[in-house]
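*Asks:* Can you keep this structure in mind? I'll have questions shortly.
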Amino acid sequence: MSKIKSLFAKIKSIKNIEIYVALLLAVVVIVAVFIGNSSKNSEQTSTDNSYIAQMEHKICNVVENISGCGKATVAISYSSNEEKVYAYETQTTTSNGVTTVTKSIVSVKGEPLVTETLPPKILGVVVVAEGANDPIIRYKIVEVVVTLLNVDANNVQVFTYKS
């Protein structure tokens with residue numbers, strides 16, 4: 001017990017101990033906030049990666065079933081910026097014959113109400129497939145990707161699978 005009392009006595013004798021304690025607490029809070037934010041970002045990245053992986057797999061399966069096309073591999077590049085659609089509340093007021101429409105974001109417990117989270121924006125697609133040296137097969141592959149992902153044909157590149 002006397003050791004604990006002597007330890008407290010030493011701590012109390014340190015000049016400006018309150019400042020050191022406050023700094024230590026501030027660092028702990030900052031680290032906790034940083035860890036919380038990084039886990040939210042990693043959750044979103046995980047969701048984006050899962051969506052992209054599903055789409056790559058789906059396109060690969062469809063391409064491999066095109067007549068004249070064999071084995072295929074698909075890679076999709078995308079923007080990792082999250083896009084959310086928020087709920088809006090519209091109010092219409094009329095004063096002196098003038099109608100005013102105002103829109104405001106609906107919030108629940110101080111947070112904006114998200115109605116939809118959009119999938120990541122696809123920037124480009126690369127398909128490597130057997131049979132892609134045939135221009136007709138190449139065209140069909142591009143059409144599959146354009147149809148499934150709603151991307152511009154200029155953002156789709158098709159290459160021949162190595163033998």
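Chain identifiers are assigned as A, B, and so on, following the order in which chains appear in the structure tokens; residues are numbered from 1 within each chain, and ligands are numbered from 1 in order of appearance.
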Output as an NGL selection string all residues of chain A that backbone DSSP marks as strand (DSSP E).
*Replies:* :A and (72-78 or 83-86 or 88-95 or 98-105 or 107-108 or 111-112 or 114-118 or 122-129 or 156-160)
*Asks:* Which residues are near A:Val146? Cut-off 8 Å, only C-alpha atoms, ignore same chain within fewer than 6 positions. Put them as a ChimeraX atom specification.
*Replies:* /A:152-153,156
*Asks:* Taking only C-alpha atoms into account, name the residue in A:Ser107, A:Ser79, A:Thr117, A:Ser67 that is nearest to A:Ile141.
*Replies:*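 So, comparing all the options, the nearest one is A:Ser67.
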*Asks:* Calculate how many Å separate atom CA of A:Tyr86 from atom CA of A:Gln54, rounding to one decimal.
*Replies:* 25.9 Å
*Asks:* So which residues touch A:Leu149 within 12 Å, counting only C-alpha atoms, skipping near sequence neighbours fewer than 5 positions away, as an MDAnalysis selection string?
*Replies:* chainID A and resid 51:52 54:56 58:59 76:78 119:125 142:144 155:156
*Asks:* Which residues are close to A:Ile66, i.e. within 12 Å by only C-alpha atoms, leaving aside same-chain residues fewer than 5 positions away? Reply as a ChimeraX atom specification.
*Replies:* /A:59-61,71-72,129-132,136-144
*Asks:* Those same residues - N, CA and C atoms - I'd like them written as an mmCIF file, in the first residue's frame.
*Replies:*
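Wrote it out as out31.cif, contents follow:
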data_model
loop_
_atom_site.group_PDB
_atom_site.id
_atom_site.type_symbol
_atom_site.label_atom_id
_atom_site.label_comp_id
_atom_site.auth_asym_id
_atom_site.auth_seq_id
_atom_site.Cartn_x
_atom_site.Cartn_y
_atom_site.Cartn_z
ATOM 1 N N ILE A 59 -19.611 -11.391 -65.790
ATOM 2 C CA ILE A 59 -19.183 -11.117 -67.158
ATOM 3 C C ILE A 59 -18.330 -12.265 -67.685
ATOM 4 N N CYS A 60 -17.442 -12.764 -66.857
ATOM 5 C CA CYS A 60 -16.582 -13.882 -67.250
ATOM 6 C C CYS A 60 -17.432 -15.088 -67.658
ATOM 7 N N ASN A 61 -18.442 -15.404 -66.859
ATOM 8 C CA ASN A 61 -19.320 -16.538 -67.180
ATOM 9 C C ASN A 61 -20.036 -16.338 -68.503
ATOM 10 N N LYS A 71 -11.833 -19.751 -72.645
ATOM 11 C CA LYS A 71 -11.488 -19.231 -71.320
ATOM 12 C C LYS A 71 -11.399 -17.700 -71.352
ATOM 13 N N ALA A 72 -11.853 -17.064 -70.258
ATOM 14 C CA ALA A 72 -11.824 -15.602 -70.192
ATOM 15 C C ALA A 72 -11.490 -15.136 -68.784
ATOM 16 N N ALA A 129 -9.608 -13.012 -73.453
ATOM 17 C CA ALA A 129 -10.391 -14.201 -73.775
ATOM 18 C C ALA A 129 -9.791 -14.961 -74.953
ATOM 19 N N GLU A 130 -9.958 -16.275 -74.889
ATOM 20 C CA GLU A 130 -9.604 -17.108 -76.040
ATOM 21 C C GLU A 130 -10.603 -16.791 -77.145
ATOM 22 N N GLY A 131 -10.144 -16.738 -78.358
ATOM 23 C CA GLY A 131 -11.028 -16.441 -79.480
ATOM 24 C C GLY A 131 -11.176 -14.962 -79.742
ATOM 25 N N ALA A 132 -10.581 -14.117 -78.918
ATOM 26 C CA ALA A 132 -10.721 -12.671 -79.078
ATOM 27 C C ALA A 132 -9.954 -12.139 -80.283
ATOM 28 N N ILE A 136 -15.356 -10.709 -84.841
ATOM 29 C CA ILE A 136 -16.766 -10.896 -84.484
ATOM 30 C C ILE A 136 -16.894 -11.263 -83.005
ATOM 31 N N ILE A 137 -16.023 -12.161 -82.541
ATOM 32 C CA ILE A 137 -16.021 -12.546 -81.120
ATOM 33 C C ILE A 137 -15.681 -11.332 -80.267
ATOM 34 N N ARG A 138 -14.678 -10.578 -80.704
ATOM 35 C CA ARG A 138 -14.274 -9.369 -79.973
ATOM 36 C C ARG A 138 -15.459 -8.400 -79.847
ATOM 37 N N TYR A 139 -16.197 -8.206 -80.933
ATOM 38 C CA TYR A 139 -17.357 -7.321 -80.937
ATOM 39 C C TYR A 139 -18.419 -7.828 -79.957
ATOM 40 N N LYS A 140 -18.673 -9.141 -79.974
ATOM 41 C CA LYS A 140 -19.673 -9.725 -79.075
ATOM 42 C C LYS A 140 -19.265 -9.531 -77.611
ATOM 43 N N ILE A 141 -17.975 -9.680 -77.333
ATOM 44 C CA ILE A 141 -17.498 -9.485 -75.955
ATOM 45 C C ILE A 141 -17.724 -8.044 -75.514
ATOM 46 N N VAL A 142 -17.395 -7.096 -76.372
ATOM 47 C CA VAL A 142 -17.602 -5.680 -76.042
ATOM 48 C C VAL A 142 -19.084 -5.419 -75.800
ATOM 49 N N GLU A 143 -19.953 -5.982 -76.633
ATOM 50 C CA GLU A 143 -21.397 -5.778 -76.470
ATOM 51 C C GLU A 143 -21.906 -6.354 -75.155
ATOM 52 N N VAL A 144 -21.378 -7.509 -74.751
ATOM 53 C CA VAL A 144 -21.764 -8.101 -73.470
ATOM 54 C C VAL A 144 -21.411 -7.164 -72.327
#
*Asks:* Using only C-alpha atoms, which protein or nucleic acid residues come within 7 Å of stretch 100-105 of chain A? Drop anything in the same chain fewer than 4 positions from it, and give the result as number ranges by chain.
*Replies:* A: 86-94, 112
